[in-house]
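To be precise, the following lines are model38.tsv, and they hold TSV, C-alpha atoms.
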```tsv
chain	number	residue	atom	x	y	z
A	15	MET	CA	-37.62	-5.23	-78.15
A	16	VAL	CA	-37.63	-1.65	-76.89
A	17	ARG	CA	-40.87	-2.31	-75.06
A	18	SER	CA	-39.41	-5.39	-73.27
A	19	ILE	CA	-36.42	-3.40	-72.05
A	20	GLY	CA	-38.72	-0.69	-70.70
A	21	LEU	CA	-40.82	-3.19	-68.76
A	22	LEU	CA	-37.66	-4.73	-67.23
A	23	VAL	CA	-36.37	-1.32	-66.09
A	24	ALA	CA	-39.75	-0.51	-64.55
A	25	ALA	CA	-39.74	-3.79	-62.63
A	26	VAL	CA	-36.28	-3.13	-61.26
A	27	LEU	CA	-37.25	0.35	-60.16
A	28	THR	CA	-40.39	-0.98	-58.51
A	29	PHE	CA	-39.09	-4.07	-56.60
A	30	GLY	CA	-35.31	-3.99	-56.47
A	31	ALA	CA	-34.59	-0.67	-54.82
A	32	PRO	CA	-34.16	-0.96	-51.01
A	33	THR	CA	-36.15	1.34	-48.84
A	34	HIS	CA	-34.39	3.32	-46.06
A	35	HIS	CA	-36.19	4.07	-42.82
A	36	GLU	CA	-35.23	6.43	-40.09
A	37	PRO	CA	-34.34	4.79	-36.74
A	38	GLY	CA	-37.28	4.60	-34.42
A	39	HIS	CA	-39.95	4.78	-37.18
A	40	THR	CA	-41.92	2.12	-39.04
A	41	ASP	CA	-43.10	2.05	-42.63
A	42	ALA	CA	-46.85	2.40	-42.72
A	43	SER	CA	-46.95	0.50	-46.02
A	44	CYS	CA	-45.04	-2.48	-44.62
A	45	THR	CA	-47.34	-5.39	-43.90
A	46	SER	CA	-46.78	-8.69	-42.18
A	47	GLY	CA	-46.73	-10.38	-45.55
A	48	ASP	CA	-44.02	-8.01	-46.79
A	49	GLY	CA	-41.93	-8.90	-43.77
A	50	VAL	CA	-42.21	-12.60	-44.55
A	51	LEU	CA	-41.20	-11.98	-48.17
A	52	GLY	CA	-38.24	-9.85	-47.08
A	53	GLY	CA	-39.43	-6.52	-48.42
A	54	CYS	CA	-39.44	-4.59	-45.13
A	55	SER	CA	-36.75	-3.32	-42.85
A	56	GLN	CA	-36.68	-4.35	-39.21
A	57	VAL	CA	-36.74	-1.26	-37.01
A	58	ASP	CA	-35.11	-1.05	-33.62
A	59	LEU	CA	-37.76	0.64	-31.51
A	60	THR	CA	-35.11	1.68	-29.00
A	61	GLY	CA	-33.53	4.05	-31.49
A	62	GLY	CA	-30.80	1.74	-32.80
A	63	GLN	CA	-29.84	1.00	-36.35
A	64	THR	CA	-32.05	-0.98	-38.74
A	65	GLN	CA	-31.20	-4.17	-40.57
A	66	GLN	CA	-32.54	-4.98	-44.02
A	67	GLN	CA	-34.14	-8.37	-44.37
A	68	GLY	CA	-33.06	-10.05	-47.48
A	69	GLY	CA	-36.05	-11.11	-49.48
A	70	GLY	CA	-37.82	-12.06	-52.57
A	71	SER	CA	-36.68	-13.47	-55.78
A	72	ALA	CA	-36.42	-9.96	-57.19
A	73	GLY	CA	-34.41	-8.13	-54.48
A	74	GLY	CA	-31.97	-10.82	-53.29
A	75	GLU	CA	-30.52	-10.65	-49.82
A	76	GLY	CA	-30.84	-7.35	-47.94
A	77	GLN	CA	-27.83	-5.37	-46.77
A	78	ALA	CA	-27.33	-4.71	-43.04
A	79	HIS	CA	-27.30	-1.02	-42.09
A	80	GLY	CA	-26.02	-1.74	-38.55
A	81	ALA	CA	-25.18	-4.62	-36.16
A	82	ARG	CA	-27.24	-5.43	-33.06
A	83	THR	CA	-25.56	-4.84	-29.68
A	84	ALA	CA	-24.60	-8.16	-28.03
A	85	PRO	CA	-26.26	-8.76	-24.62
A	86	PRO	CA	-23.94	-8.24	-21.61
A	87	PRO	CA	-22.30	-11.43	-20.30
A	88	PRO	CA	-23.86	-13.01	-17.17
A	89	PRO	CA	-22.22	-12.09	-13.84
A	90	PRO	CA	-19.63	-14.59	-12.58
A	91	PRO	CA	-20.95	-17.14	-10.06
A	92	ARG	CA	-20.44	-16.32	-6.38
A	93	PRO	CA	-18.22	-18.56	-4.27
A	94	PRO	CA	-20.06	-21.47	-2.56
A	95	ALA	CA	-19.89	-19.73	0.83
A	96	GLN	CA	-21.84	-16.75	-0.58
A	97	ARG	CA	-24.47	-18.89	-2.33
A	98	CYS	CA	-25.75	-20.26	1.00
A	99	ASP	CA	-29.25	-18.83	1.41
A	100	ALA	CA	-31.83	-21.01	3.13
A	101	ASN	CA	-34.59	-18.57	2.15
A	102	LEU	CA	-33.84	-19.20	-1.54
A	103	GLY	CA	-33.64	-22.97	-1.08
A	104	LEU	CA	-29.87	-23.04	-1.53
A	105	PHE	CA	-27.80	-25.55	0.41
A	106	CYS	CA	-26.36	-24.33	3.69
A	107	PRO	CA	-23.86	-26.50	5.62
A	108	PRO	CA	-24.77	-27.13	9.28
A	109	PRO	CA	-23.02	-24.92	11.85
A	110	ALA	CA	-20.02	-26.29	13.69
A	111	PHE	CA	-20.90	-28.14	16.94
A	112	THR	CA	-19.68	-26.20	19.96
A	113	GLY	CA	-21.58	-27.90	22.82
A	114	PRO	CA	-20.45	-30.69	25.16
A	115	ASN	CA	-19.52	-34.02	23.70
A	116	PRO	CA	-22.57	-36.25	23.35
A	117	THR	CA	-22.79	-39.58	25.08
A	118	PRO	CA	-21.24	-42.20	22.80
A	119	THR	CA	-23.60	-44.78	21.31
A	120	PRO	CA	-23.00	-48.41	20.34
A	121	THR	CA	-22.09	-49.32	16.77
A	122	PRO	CA	-25.17	-49.10	14.47
A	123	GLY	CA	-26.71	-52.47	13.81
A	124	ARG	CA	-25.36	-54.01	17.01
A	125	PRO	CA	-27.61	-54.31	20.08
A	126	PRO	CA	-26.46	-52.51	23.25
A	127	VAL	CA	-23.98	-54.39	25.42
A	128	THR	CA	-25.56	-55.75	28.61
A	129	LEU	CA	-24.22	-56.97	31.94
A	130	THR	CA	-24.69	-60.53	30.66
A	131	ASP	CA	-22.29	-59.82	27.81
A	132	ILE	CA	-19.53	-58.80	30.24
A	133	ALA	CA	-20.10	-61.71	32.64
A	134	THR	CA	-16.50	-62.87	32.10
A	135	PHE	CA	-15.21	-59.48	33.27
A	136	ARG	CA	-15.28	-59.49	37.07
A	137	PRO	CA	-14.43	-56.57	39.37
A	138	THR	CA	-11.80	-57.08	42.04
A	139	THR	CA	-12.95	-58.39	45.41
A	140	PRO	CA	-13.32	-55.58	47.97
A	141	THR	CA	-12.05	-55.78	51.52
A	142	ALA	CA	-13.24	-54.13	54.74
A	143	THR	CA	-11.60	-53.20	58.01
A	144	SER	CA	-12.83	-51.64	61.24
A	145	GLU	CA	-11.54	-49.57	64.10
A	146	PRO	CA	-10.63	-49.80	66.88
A	147	SER	CA	-8.19	-52.11	65.13
A	148	GLY	CA	-7.48	-55.62	66.39
A	149	GLY	CA	-11.01	-57.01	65.95
A	150	TRP	CA	-12.68	-55.60	69.02
A	151	ALA	CA	-15.43	-53.03	69.66
A	152	VAL	CA	-16.87	-51.22	72.66
A	153	LEU	CA	-20.46	-51.81	73.74
A	154	ASN	CA	-22.77	-48.94	72.74
A	155	LYS	CA	-19.89	-47.09	71.12
A	156	HIS	CA	-19.40	-46.48	67.41
A	157	THR	CA	-17.31	-48.95	65.50
A	158	ASN	CA	-15.94	-47.37	62.33
A	159	PHE	CA	-15.88	-49.45	59.11
A	160	ILE	CA	-13.77	-48.70	56.03
A	161	ALA	CA	-14.03	-50.31	52.58
A	162	SER	CA	-10.99	-50.79	50.40
A	163	THR	CA	-11.77	-50.56	46.68
A	164	SER	CA	-11.49	-48.08	43.82
A	165	GLU	CA	-12.15	-47.64	40.12
A	166	HIS	CA	-10.27	-50.21	38.05
A	167	ILE	CA	-10.08	-51.69	34.52
A	168	VAL	CA	-10.32	-55.36	33.57
A	169	SER	CA	-9.14	-56.60	30.16
A	170	GLY	CA	-10.63	-59.49	28.20
A	171	GLU	CA	-12.59	-60.30	25.04
A	172	LEU	CA	-16.01	-59.03	24.04
A	173	PHE	CA	-17.65	-60.61	20.95
A	174	ASP	CA	-14.30	-62.28	20.18
A	175	THR	CA	-12.62	-58.87	20.13
A	176	PRO	CA	-10.08	-57.54	22.68
A	177	ALA	CA	-11.88	-55.12	24.98
A	178	GLU	CA	-11.70	-53.41	28.36
A	179	VAL	CA	-14.34	-52.94	31.05
A	180	LYS	CA	-14.08	-50.19	33.64
A	181	PHE	CA	-15.69	-50.73	37.05
A	182	THR	CA	-16.51	-47.68	39.18
A	183	PRO	CA	-17.79	-48.16	42.77
A	184	VAL	CA	-20.99	-46.21	43.41
A	185	ALA	CA	-22.54	-47.80	46.51
A	186	TYR	CA	-21.52	-49.73	49.63
A	187	VAL	CA	-23.89	-52.01	51.52
A	188	TRP	CA	-22.89	-53.02	55.08
A	189	ARG	CA	-24.75	-56.02	56.55
A	190	HIS	CA	-24.15	-56.56	60.26
A	191	SER	CA	-24.99	-59.86	61.88
A	192	ASP	CA	-27.12	-58.09	64.49
A	193	GLY	CA	-29.71	-57.64	61.72
A	194	THR	CA	-28.97	-54.06	60.68
A	195	THR	CA	-28.03	-52.91	57.16
A	196	LEU	CA	-26.44	-49.65	56.14
A	197	ARG	CA	-26.13	-48.38	52.56
A	198	THR	CA	-23.64	-45.57	51.86
A	199	SER	CA	-22.18	-43.77	48.88
A	200	THR	CA	-18.77	-43.47	50.52
A	201	PRO	CA	-16.27	-46.21	51.36
A	202	GLY	CA	-15.51	-44.59	54.71
A	203	ALA	CA	-12.31	-43.24	56.21
A	204	THR	CA	-10.38	-43.57	59.44
A	205	TRP	CA	-11.02	-41.28	62.38
A	206	LYS	CA	-7.58	-39.83	61.88
A	207	GLN	CA	-8.28	-39.06	58.22
A	208	LEU	CA	-11.57	-37.47	59.22
A	209	ARG	CA	-9.88	-35.60	62.08
A	210	GLN	CA	-12.41	-36.95	64.54
A	211	PRO	CA	-11.86	-38.47	68.03
A	212	GLU	CA	-12.13	-42.23	68.52
A	213	PHE	CA	-15.61	-43.76	68.88
A	214	SER	CA	-17.26	-40.76	67.18
A	215	GLN	CA	-19.98	-41.35	64.58
A	216	THR	CA	-19.07	-41.48	60.89
A	217	ALA	CA	-20.98	-42.17	57.66
A	218	THR	CA	-20.06	-45.86	57.89
A	219	SER	CA	-19.95	-46.48	61.66
A	220	HIS	CA	-22.27	-48.75	63.67
A	221	LYS	CA	-23.14	-49.31	67.35
A	222	PHE	CA	-23.34	-52.83	68.75
A	223	THR	CA	-25.64	-53.12	71.79
A	224	THR	CA	-24.85	-56.67	72.89
A	225	LYS	CA	-21.67	-58.14	74.30
A	226	GLN	CA	-20.84	-60.86	71.81
A	227	SER	CA	-19.05	-61.42	68.51
A	228	PHE	CA	-20.44	-59.97	65.30
A	229	SER	CA	-19.59	-60.19	61.63
A	230	THR	CA	-20.02	-57.55	58.96
A	231	GLU	CA	-20.33	-58.34	55.25
A	232	LEU	CA	-19.69	-55.70	52.60
A	233	THR	CA	-21.17	-55.57	49.11
A	234	VAL	CA	-19.85	-53.02	46.65
A	235	GLU	CA	-21.95	-52.03	43.65
A	236	TYR	CA	-20.08	-50.96	40.53
A	237	GLU	CA	-21.17	-49.14	37.41
A	238	ALA	CA	-19.58	-50.58	34.27
A	239	ALA	CA	-18.44	-49.15	30.94
A	240	TYR	CA	-16.64	-50.83	28.06
A	241	ARG	CA	-14.45	-49.87	25.13
A	242	ILE	CA	-12.95	-51.71	22.16
A	243	GLY	CA	-9.60	-50.92	20.61
A	244	GLY	CA	-8.86	-48.08	23.01
A	245	GLY	CA	-11.92	-46.11	21.86
A	246	THR	CA	-14.46	-44.10	23.83
A	247	TRP	CA	-15.95	-45.57	27.02
A	248	ILE	CA	-19.58	-46.64	26.50
A	249	PRO	CA	-21.69	-47.06	29.66
A	250	ILE	CA	-23.64	-50.24	30.36
A	251	THR	CA	-27.05	-50.11	32.03
A	252	GLY	CA	-27.21	-51.52	35.57
A	253	THR	CA	-24.66	-52.29	38.27
A	254	VAL	CA	-22.38	-55.20	39.13
A	255	ALA	CA	-22.09	-56.37	42.74
A	256	ALA	CA	-19.01	-57.80	44.42
A	257	ASN	CA	-18.82	-59.13	48.01
A	258	THR	CA	-15.95	-59.34	50.43
A	259	ALA	CA	-14.39	-62.76	50.52
A	260	ILE	CA	-14.27	-62.90	54.33
A	261	PRO	CA	-16.66	-60.98	56.62
A	262	ASN	CA	-15.13	-58.58	59.11
A	263	GLN	CA	-15.23	-60.02	62.63
A	264	VAL	CA	-15.40	-58.00	65.87
A	265	ARG	CA	-15.89	-58.97	69.52
A	266	VAL	CA	-17.83	-56.44	71.64
A	267	PHE	CA	-16.61	-55.64	75.13
A	268	GLU	CA	-18.04	-53.49	77.87
A	269	VAL	CA	-15.65	-50.88	79.19
A	270	ASP	CA	-16.03	-49.26	82.63
A	271	THR	CA	-14.54	-45.91	83.48
A	272	VAL	CA	-12.53	-45.92	86.68
A	273	LEU	CA	-11.44	-42.76	88.42
A	274	THR	CA	-8.16	-42.95	90.23
A	275	THR	CA	-6.30	-40.59	92.50
A	276	PRO	CA	-2.65	-39.94	91.71
A	277	GLU	CA	-0.23	-41.17	94.38
A	278	GLN	CA	1.25	-38.50	96.67
```

As structure tokens, what does this structure read like?
Amino acid sequence: MVRSIGLLVAAVLTFGAPTHHEPGHTDASCTSGDGVLGGCSQVDLTGGQTQQQGGGSAGGEGQAHGARTAPPPPPPPRPPAQRCDANLGLFCPPPAFTGPNPTPTPTPGRPPVTLTDIATFRPTTPTATSEPSGGWAVLNKHTNFIASTSEHIVSGELFDTPAEVKFTPVAYVWRHSDGTTLRTSTPGATWKQLRQPEFSQTATSHKFTTKQSFSTELTVEYEAAYRIGGGTWIPITGTVAANTAIPNQVRVFEVDTVLTTPEQ
């Protein structure tokens, strides 16, 4: 009986007593197997406190000699505006557009509108006059022609939807019955508006070289653009032509200059 008690006390002294280690040092007698069985202390190599591993059927759970320091919390996320970094693959919103407005494009999925599509929209009929007024001209002198037309809007339906088409004059073609044709980019103006003397040359004038009657037909070419629902004007490729309803008629006369002496 006495011998059994002595063996039990020796076992407790051998296996049950915890071993204390100084911080920063390891026990040379501690093996990997002892660590698995819980007989070794874990040592903080950075100089911190050690923690006893509980282990074995003889020693029970180990007692902690100190708590580990919790890792610092992660930094708070930066606002979205600061996270934009194209070099790191982070999303960057496109810069604000500051250039001129781009040319509007037709609705996606719909083919571009053509002149055929706006065939029911017709520009107003232009008119033409000449000076000297009264339908006469002087042989070998300039007759000045003036077109009367301007930019205008015509309303109607396009693809069964209310729409508007804007016609802008861009060219004027004058066809004289003496076989000559003149194309201008201006509708012309009166001599008075131009501050020029009568019979002087203008951008739209013409000389007749035969004493007879002549007619002049005018064709105006318009560029067209359309819009639906009061939206942005969208240009249409090509031009639309409109002719005067009645040609301008002039009769050419020869004029002689006569010198007279005032009466005494």

Have a look at CA of Glu231 (chain A) and CA of Thr195 (chain A) and let me know their distance in Å, one decimal.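 According to the coordinates, CA of Glu231 (chain A) and CA of Thr195 (chain A) are separated by 9.6 Å.
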
I need the residue nearest Ser219 (chain A) from this list: A:Phe181, A:Phe173, A:Trp247, A:Trp205. Use all atoms listed in the file for the distance.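 So, comparing all the options, the nearest one is A:Trp205.
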
Could you jot down the CA of Thr233 (chain A) to CA of Pro140 (chain A) separation for me, Å, one decimal place? 7.9 Å

Which value, in Å to one decimal, gives the distance between CA of Asp131 (chain A) and CA of Ser199 (chain A)? 26.5 Å

Could you please give me, as a list in words, the residues of protein, DNA or RNA lying at most 7 Å from (-22.4, -54.3, 65.9) in the coordinate frame of the file, considering all atoms listed in the file?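 So the residues meeting the distance criterion are His190, Asp192, His220, Lys221, Phe222, Thr223 and Phe228 of chain A.
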
Dump C-alpha atoms for the selected residues as a short mmCIF file (atom, residue, chain, number, x, y, z; two decimals), in the coordinates of the input?
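Result saved to out_31.cif:
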```cif
data_model
loop_
_atom_site.label_atom_id
_atom_site.label_comp_id
_atom_site.auth_asym_id
_atom_site.auth_seq_id
_atom_site.Cartn_x
_atom_site.Cartn_y
_atom_site.Cartn_z
CA HIS A 190 -24.15 -56.56 60.26
CA ASP A 192 -27.12 -58.09 64.49
CA HIS A 220 -22.27 -48.75 63.67
CA LYS A 221 -23.14 -49.31 67.35
CA PHE A 222 -23.34 -52.83 68.75
CA THR A 223 -25.64 -53.12 71.79
CA PHE A 228 -20.44 -59.97 65.30
#
```

Which residues come within 10 Å of Ile167 (chain A), counting all atoms listed in the file, excluding same-chain residues fewer than 3 positions away, as JSON, numbers by chain? {"A": [135, 136, 137, 138, 178, 179, 180, 181, 182, 238, 239, 240]}

Residue nearest Thr258 (chain A) among A:Thr246, A:Gln207, A:Thr157, A:Thr230 (counting all atoms listed in the file): A:Thr230

Every residue with an atom at most 7 Å from (-11.3, -51.5, 48.2) (file coordinates; all atoms listed in the file) is what I'm after, so could you write them as a list in words?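 The residues that fall inside the cut-off are Pro140, Thr141, Ala161, Ser162, Thr163 and Ser164 of chain A.
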
Contact residues around Ala217 (chain A) with all atoms listed in the file at 8 Å, ignoring same-chain residues under 4 positions, as a list of chain:residue names: A:Thr198, A:Thr200, A:Gly202

If you count all atoms listed in the file, which residues fall within 9 Å of Ala203 (chain A), apart from same-chain ones fewer than 6 positions away, as a ChimeraX atom specification? /A:158-161,216-218

I need the chosen residues saved as a tab-separated table (two decimals), in the coordinates of the input, with C-alpha atoms.
```tsv
chain	number	residue	atom	x	y	z
A	158	ASN	CA	-15.94	-47.37	62.33
A	159	PHE	CA	-15.88	-49.45	59.11
A	160	ILE	CA	-13.77	-48.70	56.03
A	161	ALA	CA	-14.03	-50.31	52.58
A	216	THR	CA	-19.07	-41.48	60.89
A	217	ALA	CA	-20.98	-42.17	57.66
A	218	THR	CA	-20.06	-45.86	57.89
```

Can you pull out every residue within 12 Å of Leu172 (chain A), counting only C-alpha atoms, but drop anything in the same chain fewer than 4 positions away, and send it as a short mmCIF file (atom, residue, chain, number, x, y, z; two decimals) with C-alpha atoms, in the frame of the given file?
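Once everything was written out, this is out26.cif:
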```cif
data_model
loop_
_atom_site.label_atom_id
_atom_site.label_comp_id
_atom_site.auth_asym_id
_atom_site.auth_seq_id
_atom_site.Cartn_x
_atom_site.Cartn_y
_atom_site.Cartn_z
CA VAL A 127 -23.98 -54.39 25.42
CA THR A 128 -25.56 -55.75 28.61
CA LEU A 129 -24.22 -56.97 31.94
CA THR A 130 -24.69 -60.53 30.66
CA ASP A 131 -22.29 -59.82 27.81
CA ILE A 132 -19.53 -58.80 30.24
CA ALA A 133 -20.10 -61.71 32.64
CA THR A 134 -16.50 -62.87 32.10
CA PHE A 135 -15.21 -59.48 33.27
CA VAL A 168 -10.32 -55.36 33.57
CA PRO A 176 -10.08 -57.54 22.68
CA ALA A 177 -11.88 -55.12 24.98
CA GLU A 178 -11.70 -53.41 28.36
CA VAL A 179 -14.34 -52.94 31.05
CA TYR A 240 -16.64 -50.83 28.06
CA ARG A 241 -14.45 -49.87 25.13
CA ILE A 242 -12.95 -51.71 22.16
CA GLY A 243 -9.60 -50.92 20.61
#
```

Pick from A:Thr204, A:Ser229, A:Thr224, A:Thr253 nearest to Pro183 (chain A), counting all atoms listed in the file: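 So, comparing all the options, the nearest one is A:Thr253.
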
Can you work out which one of A:Leu208, A:Val266, A:Ile260, A:Ile250 has the shortest atom-to-atom distance to Lys155 (chain A), counting only C-alpha atoms?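 Closest to Lys155 (chain A), using only C-alpha atoms: A:Val266.
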